[in-house]
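Structure data (mmCIF, C-alpha atoms) from start-v6.cif:
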```
data_my_file
loop_
_atom_site.label_atom_id
_atom_site.label_comp_id
_atom_site.auth_asym_id
_atom_site.auth_seq_id
_atom_site.Cartn_x
_atom_site.Cartn_y
_atom_site.Cartn_z
CA MET F 1 38.35 2.01 2.90
CA ASN F 2 36.50 4.61 0.91
CA GLN F 3 34.18 4.92 -2.07
CA PRO F 4 36.87 5.26 -4.77
CA ILE F 5 38.48 2.00 -3.60
CA PHE F 6 35.22 0.07 -3.90
CA ASP F 7 34.43 1.74 -7.21
CA GLY F 8 37.87 0.63 -8.39
CA TYR F 9 37.19 -2.96 -7.36
CA LYS F 10 33.95 -2.90 -9.32
CA ALA F 11 35.64 -1.34 -12.37
CA ALA F 12 38.28 -4.07 -12.24
CA GLY F 13 35.54 -6.68 -12.60
CA PHE F 14 35.13 -7.85 -9.02
CA LYS F 15 31.60 -8.66 -7.88
CA SER F 16 32.16 -9.17 -4.17
CA VAL F 17 34.32 -8.03 -1.29
CA ARG F 18 35.11 -9.69 2.03
CA ILE F 19 35.56 -7.23 4.89
CA PRO F 20 37.30 -8.85 7.89
CA VAL F 21 36.26 -7.05 11.07
CA SER F 22 37.70 -6.89 14.57
CA TRP F 23 34.96 -6.20 17.11
CA ASN F 24 36.38 -7.06 20.51
CA GLU F 25 38.78 -4.13 20.76
CA TYR F 26 35.83 -1.79 20.24
CA ALA F 27 33.56 -3.41 22.83
CA ASP F 28 33.24 -2.75 26.54
CA ALA F 29 33.68 -5.35 29.29
CA ASN F 30 30.03 -6.41 28.83
CA GLY F 31 30.46 -7.00 25.08
CA ASN F 32 28.63 -3.87 23.95
CA ILE F 33 30.09 -2.73 20.65
CA ALA F 34 30.92 0.99 20.57
CA PRO F 35 28.39 2.92 18.45
CA PHE F 36 31.14 4.76 16.56
CA TRP F 37 32.59 1.40 15.44
CA MET F 38 29.24 -0.02 14.32
CA ASP F 39 28.63 3.22 12.41
CA ARG F 40 32.03 2.91 10.72
CA ILE F 41 31.37 -0.68 9.65
CA LYS F 42 27.97 0.35 8.29
CA GLN F 43 29.65 3.18 6.37
CA VAL F 44 32.12 0.76 4.77
CA VAL F 45 29.37 -1.75 3.93
CA ASP F 46 27.27 1.05 2.43
CA GLU F 47 30.18 2.19 0.27
CA ALA F 48 30.73 -1.33 -1.03
CA ARG F 49 27.01 -1.70 -1.75
CA LYS F 50 26.96 1.67 -3.51
CA ALA F 51 29.60 0.20 -5.82
CA ASP F 52 27.17 -2.69 -6.46
CA LEU F 53 29.34 -5.30 -4.73
CA TYR F 54 28.21 -8.25 -2.68
CA VAL F 55 29.65 -7.82 0.82
CA MET F 56 30.67 -10.35 3.46
CA ILE F 57 31.56 -9.26 7.00
CA ASN F 58 32.76 -11.50 9.79
CA ILE F 59 34.28 -11.69 13.23
CA HIS F 60 37.90 -12.08 12.25
CA TRP F 61 40.81 -13.20 14.44
CA ASP F 62 39.90 -10.39 16.84
CA GLY F 63 42.73 -10.96 19.31
CA GLY F 64 42.35 -14.73 19.57
CA TRP F 65 39.46 -14.89 22.06
CA ILE F 66 37.67 -17.56 20.02
CA GLN F 67 39.52 -20.86 20.22
CA ALA F 68 38.27 -24.41 19.92
CA ALA F 69 39.40 -25.32 23.42
CA PRO F 70 37.22 -26.08 26.47
CA ALA F 71 38.77 -23.27 28.52
CA PHE F 72 37.65 -20.70 25.91
CA GLN F 73 34.25 -22.15 25.06
CA PRO F 74 31.91 -20.60 27.67
CA THR F 75 33.23 -17.06 27.28
CA ALA F 76 33.56 -17.30 23.50
CA THR F 77 30.03 -18.67 23.11
CA ALA F 78 28.58 -15.86 25.20
CA ARG F 79 30.59 -13.21 23.35
CA LEU F 80 29.67 -14.64 19.92
CA THR F 81 26.01 -14.46 20.88
CA LYS F 82 26.36 -10.89 22.18
CA PHE F 83 28.34 -9.65 19.17
CA TRP F 84 26.23 -11.33 16.47
CA THR F 85 23.01 -10.19 18.09
CA GLN F 86 24.24 -6.57 17.86
CA ILE F 87 25.76 -6.91 14.38
CA ALA F 88 22.72 -8.66 12.94
CA ALA F 89 20.34 -6.14 14.53
CA ALA F 90 22.30 -3.25 13.03
CA PHE F 91 22.06 -4.76 9.53
CA LYS F 92 18.67 -6.50 9.69
CA ASP F 93 17.17 -4.30 6.96
CA TYR F 94 19.98 -4.96 4.46
CA ASP F 95 19.14 -7.31 1.62
CA ASP F 96 20.91 -10.52 0.55
CA HIS F 97 23.80 -8.61 -1.00
CA LEU F 98 25.19 -8.61 2.55
CA LEU F 99 26.37 -11.92 3.97
CA PHE F 100 27.58 -12.67 7.48
CA ALA F 101 30.42 -15.08 8.20
CA GLY F 102 30.41 -16.28 11.80
CA THR F 103 34.12 -16.59 12.52
CA ASN F 104 37.43 -17.07 10.73
CA GLU F 105 39.98 -19.88 11.00
CA ILE F 106 39.05 -20.96 14.52
CA ASN F 107 41.44 -23.53 15.93
CA VAL F 108 43.65 -23.83 19.01
CA ASP F 109 46.67 -21.51 18.92
CA GLY F 110 49.87 -23.38 18.18
CA GLU F 111 48.13 -26.59 17.03
CA TYR F 112 48.39 -27.19 13.31
CA GLY F 113 47.68 -30.92 12.94
CA GLN F 114 44.35 -32.67 12.69
CA PRO F 115 41.96 -31.45 15.39
CA THR F 116 40.59 -33.70 18.10
CA ALA F 117 36.95 -34.75 18.12
CA GLY F 118 36.41 -32.38 21.06
CA GLU F 119 37.88 -29.43 19.18
CA CYS F 120 35.67 -30.22 16.19
CA THR F 121 32.62 -30.30 18.44
CA ILE F 122 33.48 -26.91 19.95
CA GLN F 123 33.93 -25.33 16.49
CA LYS F 124 30.60 -26.77 15.33
CA GLY F 125 29.03 -25.30 18.46
CA TYR F 126 30.35 -21.87 17.57
CA ASN F 127 28.75 -22.20 14.13
CA GLN F 128 25.41 -23.07 15.74
CA THR F 129 25.71 -20.16 18.18
CA PHE F 130 26.26 -17.79 15.25
CA VAL F 131 23.28 -19.07 13.26
CA ASP F 132 20.98 -19.00 16.30
CA ALA F 133 22.00 -15.44 17.25
CA VAL F 134 21.53 -14.03 13.74
CA ARG F 135 18.22 -15.77 13.05
CA ALA F 136 16.80 -14.55 16.38
CA THR F 137 17.10 -10.92 15.26
CA SER F 138 14.49 -11.48 12.51
CA GLY F 139 14.01 -8.92 9.74
CA LYS F 140 15.95 -9.92 6.64
CA ASN F 141 18.23 -11.93 8.91
CA ALA F 142 15.55 -14.61 9.05
CA THR F 143 16.67 -15.79 5.61
CA ARG F 144 20.00 -14.01 5.02
CA PRO F 145 22.70 -16.28 3.58
CA LEU F 146 25.09 -17.16 6.41
CA VAL F 147 28.64 -18.41 6.03
CA VAL F 148 29.95 -20.98 8.51
CA GLN F 149 33.46 -22.35 8.70
CA ALA F 150 35.02 -25.74 8.97
CA TYR F 151 37.59 -26.23 11.73
CA ALA F 152 40.41 -23.70 11.13
CA THR F 153 38.54 -22.98 7.88
CA ASN F 154 40.97 -25.56 6.52
CA ILE F 155 39.88 -27.93 3.80
CA ASP F 156 41.83 -30.89 5.22
CA SER F 157 40.58 -30.28 8.76
CA SER F 158 37.03 -29.99 7.49
CA VAL F 159 37.25 -33.53 6.14
CA GLY F 160 38.90 -34.78 9.34
CA CYS F 161 36.20 -33.13 11.43
CA ASN F 162 33.38 -34.47 9.29
CA ALA F 163 32.26 -30.87 8.76
CA THR F 164 28.50 -30.48 8.81
CA LEU F 165 26.21 -27.52 8.57
CA PRO F 166 24.46 -26.27 11.71
CA THR F 167 20.72 -26.55 12.14
CA ASP F 168 19.01 -23.61 10.46
CA PRO F 169 15.30 -22.76 10.28
CA ALA F 170 15.95 -21.10 6.90
CA LYS F 171 16.42 -23.95 4.45
CA GLY F 172 19.20 -23.77 1.87
CA ARG F 173 20.68 -20.52 3.22
CA LEU F 174 24.00 -21.73 4.68
CA ILE F 175 27.39 -21.71 2.96
CA MET F 176 30.40 -23.69 4.21
CA GLU F 177 33.68 -21.76 3.90
CA VAL F 178 37.07 -23.42 3.57
CA HIS F 179 40.48 -21.91 2.82
CA TYR F 180 43.13 -23.72 0.82
CA TYR F 181 46.75 -22.62 1.33
CA ASP F 182 48.64 -25.34 -0.52
CA PRO F 183 51.30 -25.27 -1.72
CA TYR F 184 52.46 -23.11 1.19
CA ASP F 185 55.44 -21.59 -0.65
CA PHE F 186 53.16 -20.39 -3.44
CA THR F 187 50.16 -19.21 -1.45
CA ILE F 188 51.22 -17.57 1.81
CA ASN F 189 54.97 -17.90 2.44
CA GLY F 190 56.02 -14.30 1.90
CA GLY F 191 59.66 -15.19 2.66
CA SER F 192 59.96 -17.95 0.07
CA ASN F 193 62.55 -17.81 -2.70
CA ILE F 194 60.62 -20.43 -4.68
CA TRP F 195 59.04 -18.72 -7.63
CA GLN F 196 57.54 -21.53 -9.74
#
```

Show this structure as structure tokens.
Amino acid sequence: MNQPIFDGYKAAGFKSVRIPVSWNEYADANGNIAPFWMDRIKQVVDEARKADLYVMINIHWDGGWIQAAPAFQPTATARLTKFWTQIAAAFKDYDDHLLFAGTNEINVDGEYGQPTAGECTIQKGYNQTFVDAVRATSGKNATRPLVVQAYATNIDSSVGCNATLPTDPAKGRLIMEVHYYDPYDFTINGGSNIWQ
């Protein structure tokens, strides 16, 4: 990404940009994010803001370490806290044109049906971990709009999981994100021959 790209987005009429970020591959064994990587993300966010765009950054798939399964939960919860504490601290002076999204499409690899009640509970826990970590860094993060996801960020799973917002000391500052990929052949099946 560079400034002309963001300027082009703005000139085309876009008002916001979502920047999916992988953090884990640039962190040490203790979860400390490499300074060069944090600086690069700040550079990209600054370029998008210079183009007068709203910006959303997240922890994206990131190698699959966040899954809604009991075996992953303790490590993922600790890592989410560690990462979001660092990310939020690095951006705590940025205004509300920057939004944080806690995760992205968290589910259990290879499971594509309705989630179990336990899987829903784990995903909701990750949302709460994210909110708690960001709010604890204070600054403008005390009231920054935060984006949380339904299970798998899937609209059908969100209904099946009875998606609810986490507890937040900042009232009215949470956004629930869902993705809608239906019909599959139209939205994400790159190999489809169906054109209508």

Enumerate, in order of chain and increasing residue number, the residues of region 107-131 of chain F with an atom no farther than 12 Å from region 55-61 of chain F, each with its shortest atom pair and distance in Å to one decimal, counting all atoms listed in the file, as CSV.
```
residue,atom,partner,partner_atom,distance
F:Asn107,CA,F:Trp61,CA,10.5
F:Val108,CA,F:Trp61,CA,11.9
F:Asp109,CA,F:Trp61,CA,11.1
F:Tyr126,CA,F:Ile59,CA,11.7
F:Asn127,CA,F:Ile59,CA,11.9
F:Phe130,CA,F:Ile59,CA,10.3
```

When you count only C-alpha atoms, which of these residues is closest to Gly102 (chain F): F:Gln86, F:Asn24, F:Gln128, F:Ser16?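 Selected residue with least distance to Gly102 (chain F): F:Gln128.
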
Counting only C-alpha atoms, figure out which residue out of F:Leu53, F:Ala68, F:Cys120, F:Val134 gets nearest to Val159 (chain F). F:Cys120

Can you write out as a tab-separated table which residues of region 72-101 of chain F fall within 8 Å of region 36-45 of chain F, alongside each residue's closest atom pair and its distance in Å to one decimal, counting all atoms listed in the file and ordering rows by chain and ascending residue number?
```
residue	atom	partner	partner_atom	distance
F:Ile87	CA	F:Met38	CA	7.7
F:Ala90	CA	F:Met38	CA	7.8
F:Phe91	CA	F:Lys42	CA	7.9
```

With 12 Å as the threshold, what does the neighbourhood of (33.1, -31.2, 6.2) contain in terms of residues, counting only C-alpha atoms? Coordinates are those of the file; answer as a list in words.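 Counting only C-alpha atoms, I find these residues within 12 Å of (33.1, -31.2, 6.2): Cys120, Gln123, Lys124, Val148, Gln149, Ala150, Tyr151, Ala152, Thr153, Asn154, Ile155, Asp156, Ser157, Ser158, Val159, Gly160, Cys161, Asn162, Ala163, Thr164, Leu165, Pro166, Ile175, Met176, Glu177 and Val178 of chain F.
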
If the PyMOL selection byres ((chain F and resi 4) around 12) is run on the structure shown, which residues does it catch, given as a ChimeraX atom specification? /F:1-3,5-11,44,47-48,50-51

I'd like the interatomic distance between CA of Pro169 (chain F) and CA of Gly139 (chain F), to a tenth of an Å.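 Distance between the two atoms: 13.9 Å.
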
Rank F:Ala71, F:Val147, F:Ala29, F:Val17 by their smallest atom-to-atom distance to Val131 (chain F), using all atoms listed in the file, and report the top residue only.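 With all atoms listed in the file as the atom set, the closest residue is F:Val147.
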
Å distance separating CA of Leu99 (chain F) from CA of Arg144 (chain F), one decimal place: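 Computing it gives 6.8 Å between the two atoms.
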
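CA of Tyr54 (chain F) to CA of Lys15 (chain F) spans 6.2 Å [interatomic distance, one decimal].
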
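Those residues that approach Thr143 (chain F) to within 10 Å, counting all atoms listed in the file, are Asp95, Asp96, Val134, Arg135, Ser138, Asp168, Pro169, Ala170, Lys171, Gly172, Arg173 and Leu174 of chain F; same-chain residues fewer than 5 positions away are not listed.
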
Looking at only C-alpha atoms, which of F:Lys82, F:Arg18, F:Lys92, F:His179 is the one that sits closest to Ala133 (chain F)? F:Lys82

Using only C-alpha atoms: which of F:Gly125, F:Gly110, F:Pro35, F:Gly190 has the shortest distance to Ala76 (chain F):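 When distances to Ala76 (chain F) are compared using only C-alpha atoms, the smallest one comes from F:Gly125.
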
Export region 43-133 of chain F from the structure block above, keeping C-alpha atoms, as a JSON list (two decimals), in the first residue's frame.
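Once written, part.json looks like this:
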```json
[["chain", "number", "residue", "atom", "x", "y", "z"],
["F", 43, "GLN", "CA", 2.57, 4.12, 8.10],
["F", 44, "VAL", "CA", -0.26, 2.48, 6.14],
["F", 45, "VAL", "CA", -2.91, 3.81, 8.53],
["F", 46, "ASP", "CA", -1.39, 7.29, 8.30],
["F", 47, "GLU", "CA", -1.47, 7.16, 4.50],
["F", 48, "ALA", "CA", -5.13, 6.15, 4.52],
["F", 49, "ARG", "CA", -5.93, 8.93, 6.99],
["F", 50, "LYS", "CA", -4.01, 11.44, 4.89],
["F", 51, "ALA", "CA", -6.40, 10.52, 2.08],
["F", 52, "ASP", "CA", -9.26, 11.35, 4.48],
["F", 53, "LEU", "CA", -10.50, 7.76, 4.74],
["F", 54, "TYR", "CA", -11.95, 6.02, 7.75],
["F", 55, "VAL", "CA", -9.70, 3.06, 8.56],
["F", 56, "MET", "CA", -10.42, -0.29, 10.17],
["F", 57, "ILE", "CA", -7.60, -2.64, 11.19],
["F", 58, "ASN", "CA", -7.99, -6.09, 12.66],
["F", 59, "ILE", "CA", -6.30, -9.33, 13.58],
["F", 60, "HIS", "CA", -7.04, -11.29, 10.45],
["F", 61, "TRP", "CA", -6.75, -15.06, 9.92],
["F", 62, "ASP", "CA", -3.12, -14.79, 11.05],
["F", 63, "GLY", "CA", -2.22, -18.45, 10.56],
["F", 64, "GLY", "CA", -5.29, -19.90, 12.25],
["F", 65, "TRP", "CA", -4.20, -19.59, 15.90],
["F", 66, "ILE", "CA", -7.60, -18.22, 16.94],
["F", 67, "GLN", "CA", -10.23, -20.94, 16.78],
["F", 68, "ALA", "CA", -13.45, -21.36, 18.72],
["F", 69, "ALA", "CA", -12.34, -24.67, 20.21],
["F", 70, "PRO", "CA", -11.44, -25.42, 23.85],
["F", 71, "ALA", "CA", -7.93, -26.59, 22.94],
["F", 72, "PHE", "CA", -7.15, -23.16, 21.41],
["F", 73, "GLN", "CA", -8.94, -20.96, 23.93],
["F", 74, "PRO", "CA", -6.31, -20.38, 26.67],
["F", 75, "THR", "CA", -3.47, -19.57, 24.27],
["F", 76, "ALA", "CA", -5.66, -17.53, 21.93],
["F", 77, "THR", "CA", -7.14, -15.50, 24.78],
["F", 78, "ALA", "CA", -3.68, -14.68, 26.14],
["F", 79, "ARG", "CA", -2.36, -13.79, 22.69],
["F", 80, "LEU", "CA", -5.41, -11.63, 21.86],
["F", 81, "THR", "CA", -4.85, -9.70, 25.08],
["F", 82, "LYS", "CA", -1.13, -9.28, 24.38],
["F", 83, "PHE", "CA", -1.60, -8.23, 20.76],
["F", 84, "TRP", "CA", -4.52, -5.83, 21.32],
["F", 85, "THR", "CA", -2.79, -4.22, 24.28],
["F", 86, "GLN", "CA", 0.20, -3.42, 22.02],
["F", 87, "ILE", "CA", -1.88, -2.41, 18.99],
["F", 88, "ALA", "CA", -4.22, -0.20, 21.00],
["F", 89, "ALA", "CA", -1.31, 1.44, 22.86],
["F", 90, "ALA", "CA", 0.41, 2.24, 19.56],
["F", 91, "PHE", "CA", -2.73, 3.96, 18.22],
["F", 92, "LYS", "CA", -4.22, 5.42, 21.41],
["F", 93, "ASP", "CA", -3.83, 9.01, 20.23],
["F", 94, "TYR", "CA", -5.63, 8.42, 16.91],
["F", 95, "ASP", "CA", -9.15, 9.78, 16.68],
["F", 96, "ASP", "CA", -12.38, 7.96, 15.81],
["F", 97, "HIS", "CA", -11.50, 7.78, 12.12],
["F", 98, "LEU", "CA", -9.58, 4.64, 13.15],
["F", 99, "LEU", "CA", -11.61, 1.62, 14.19],
["F", 100, "PHE", "CA", -10.36, -1.68, 15.57],
["F", 101, "ALA", "CA", -11.94, -5.02, 14.68],
["F", 102, "GLY", "CA", -11.06, -7.74, 17.16],
["F", 103, "THR", "CA", -10.84, -10.79, 14.93],
["F", 104, "ASN", "CA", -12.09, -12.09, 11.58],
["F", 105, "GLU", "CA", -14.25, -15.10, 10.78],
["F", 106, "ILE", "CA", -13.35, -17.11, 13.87],
["F", 107, "ASN", "CA", -14.72, -20.64, 13.76],
["F", 108, "VAL", "CA", -13.28, -24.15, 13.99],
["F", 109, "ASP", "CA", -11.27, -25.15, 10.92],
["F", 110, "GLY", "CA", -13.15, -27.60, 8.74],
["F", 111, "GLU", "CA", -16.53, -27.04, 10.44],
["F", 112, "TYR", "CA", -19.00, -25.14, 8.30],
["F", 113, "GLY", "CA", -22.38, -25.97, 9.85],
["F", 114, "GLN", "CA", -24.09, -24.31, 12.77],
["F", 115, "PRO", "CA", -21.71, -23.90, 15.70],
["F", 116, "THR", "CA", -22.23, -25.59, 19.04],
["F", 117, "ALA", "CA", -23.21, -23.61, 22.11],
["F", 118, "GLY", "CA", -19.67, -24.10, 23.43],
["F", 119, "GLU", "CA", -18.11, -22.70, 20.25],
["F", 120, "CYS", "CA", -20.42, -19.69, 20.44],
["F", 121, "THR", "CA", -19.39, -19.09, 24.04],
["F", 122, "ILE", "CA", -15.69, -19.21, 23.14],
["F", 123, "GLN", "CA", -16.17, -16.72, 20.27],
["F", 124, "LYS", "CA", -18.10, -14.36, 22.56],
["F", 125, "GLY", "CA", -15.24, -14.66, 25.05],
["F", 126, "TYR", "CA", -12.76, -13.58, 22.41],
["F", 127, "ASN", "CA", -14.91, -10.51, 21.72],
["F", 128, "GLN", "CA", -14.89, -9.64, 25.43],
["F", 129, "THR", "CA", -11.13, -10.16, 25.65],
["F", 130, "PHE", "CA", -10.65, -7.74, 22.75],
["F", 131, "VAL", "CA", -12.87, -5.04, 24.25],
["F", 132, "ASP", "CA", -11.27, -5.36, 27.69],
["F", 133, "ALA", "CA", -7.72, -5.17, 26.30]]
```
